[in-house]
Amino acid sequence: MQFSILLIIGINIAFVTIKYKNTADLALQHIKENEVQTDLSKYSDTGISAHDFLEKITVGYNIGNSLDSCPDTGRNDGKRKTDYYETFWGNPVISEKYIDSIYSAGFNSVRIPVTWYYNTYVENGKLVIQQEWLKRVKEVVDYAYKNEMYIILDSHHDAPIIWADMDNIDEVSGNLSELWTQIAEYFKDYDEHLAFEAFNEINTKHDNWQYNEGSVNATNILNQVFVDTVRKTGGNNSTRILLCDTYLNEATDEVLEGFIIPTDTVPNKLALSVHSYAASYNQDIVTQFKKLQSYSKKIKTPVVITEFGTTNTFVPIEYRSKHASNYIACANEYDIKCFWWDDGGNFKLIERESGVIIKQDIIETSIQ
């Protein structure tokens, strides 16, 4: 029975891959004009594996609720500037000073969540990303590049065009392929410091946040479309580190059991992204990391926790830094890398405008 299910899923993945093999080609002409060039001459792709990429990371840092904001005013009609979307949830525009502060605090990697949908339009039936939005995302990526930081760039909150349901799998596969063709093409000359992540907490179309087998299968198909789409663009994308995601980015037994690692044209270049906001600050946390390490060995693919953290409401509050210390220490013991979620609010460790560290105790205890 298990073999039959896997065979069916495999056929579906292959079908979608072939169907969308040439999608989004027309949209590429929109990202060729007026590109701001970045000097990448000092970088070269040394062919590191996904495991090696993660090994180079101390602790990662999310710049959340900025480029991934979701305005209730809908898509950009071309009349709004990028900062309208970047600041819609109340955070200031991401500055080079802020990225430098993250790096100086000891985080040598950033995850940059980006919502693309609100800065796209449809032309000739194809999804097209606004040129100015691509330029702005590139600007933030370059802030981190100047510090030789490791960067994860994702598709975040793109639920209007990317969701996990088998009923709409052809439509969503096309959206995903058109989106990532343009992103991958735009960043294809960047080296191993830049990794791509397929999506974030992908949900059903109706956002029900519940497990169902169809959504897990759809997530597997979309991960495969993501990998195939990026590889097709060539250049450094032929060997770029790619992060695939479980359904909802959960690490429950049923979600992990249903996950299928995509096939790839190159070996050892894929990693699996999950989220875990576990609040345990004692030995109970060991169970989680043991399970993830065991699963990583089973699928022969490194696992990374791309979101973790606590808020100012943590109880008992005096143990918040102890939680961070124990969390990272245990993660390191089981060879799992983690990225702190900073939303500019209750998860915040560093002030975005001034770059001042406001939670020195948490940073000092977690950067090991």
# chains A, B, ... in the order shown; residues from 1 in each chain; ligands from 1
>>> closest_atom_pairs(of="range 72-149 of chain A", to="range 161-181 of chain A", cutoff="8 Å", atoms="only C-alpha atoms", output="CSV")
residue,atom,partner,partner_atom,distance
A:Tyr117,CA,A:Ile161,CA,7.2
A:Lys126,CA,A:Glu178,CA,7.3
A:Leu127,CA,A:Glu178,CA,6.1
A:Val128,CA,A:Leu179,CA,7.5
A:Ile129,CA,A:Leu179,CA,7.4
>>> residues_around(residues="Leu272 in chain A", least_positions_apart="3", cutoff="8 Å", atoms="only C-alpha atoms", output="list in words")
Leu243, Cys244, Asp245, Thr246, Thr301, Pro302, Val303 and Val304 of chain A
>>> residues_around(residues="range 186-190 of chain A", least_positions_apart="3", cutoff="6 Å", atoms="only C-alpha atoms", output="mmCIF file with all heavy atoms, in the first residue's frame")
data_model
loop_
_atom_site.group_PDB
_atom_site.id
_atom_site.type_symbol
_atom_site.label_atom_id
_atom_site.label_comp_id
_atom_site.auth_asym_id
_atom_site.auth_seq_id
_atom_site.Cartn_x
_atom_site.Cartn_y
_atom_site.Cartn_z
ATOM 1 N N ILE A 183 12.455 34.898 -9.645
ATOM 2 C CA ILE A 183 13.343 35.117 -8.493
ATOM 3 C C ILE A 183 14.703 34.476 -8.745
ATOM 4 O O ILE A 183 15.754 35.095 -8.558
ATOM 5 C CB ILE A 183 12.727 34.543 -7.206
ATOM 6 C CG1 ILE A 183 11.380 35.207 -6.903
ATOM 7 C CG2 ILE A 183 13.687 34.722 -6.027
ATOM 8 C CD1 ILE A 183 10.581 34.492 -5.826
ATOM 9 N N GLY A 235 23.108 28.645 -14.387
ATOM 10 C CA GLY A 235 24.061 29.453 -13.624
ATOM 11 C C GLY A 235 24.345 28.805 -12.280
ATOM 12 O O GLY A 235 24.387 27.585 -12.159
ATOM 13 N N ASN A 236 24.540 29.612 -11.262
ATOM 14 C CA ASN A 236 24.784 29.068 -9.927
ATOM 15 C C ASN A 236 23.553 28.365 -9.346
ATOM 16 O O ASN A 236 23.656 27.640 -8.354
ATOM 17 C CB ASN A 236 25.242 30.174 -8.981
ATOM 18 C CG ASN A 236 26.676 30.602 -9.246
ATOM 19 O OD1 ASN A 236 27.449 29.873 -9.866
ATOM 20 N ND2 ASN A 236 27.038 31.796 -8.804
ATOM 21 N N ASN A 237 22.389 28.599 -9.970
ATOM 22 C CA ASN A 237 21.188 27.907 -9.509
ATOM 23 C C ASN A 237 21.227 26.414 -9.797
ATOM 24 O O ASN A 237 20.453 25.647 -9.231
ATOM 25 C CB ASN A 237 19.939 28.514 -10.161
ATOM 26 C CG ASN A 237 19.668 29.927 -9.675
ATOM 27 O OD1 ASN A 237 20.038 30.289 -8.563
ATOM 28 N ND2 ASN A 237 19.037 30.732 -10.516
#
>>> atom_distance(atom1="CA of Tyr327 in chain A", atom2="CA of Ser280 in chain A")
8.2 Å
>>> closest_residue(among="A:Gln130, A:Asn62, A:Asn76, A:Asn268", to="Lys300 in chain A", atoms="only C-alpha atoms")
A:Asn268
>>> select_by_dssp(residues="range 93-159 of chain A", states="alpha helix (DSSP H)", output="count of residues only")
25
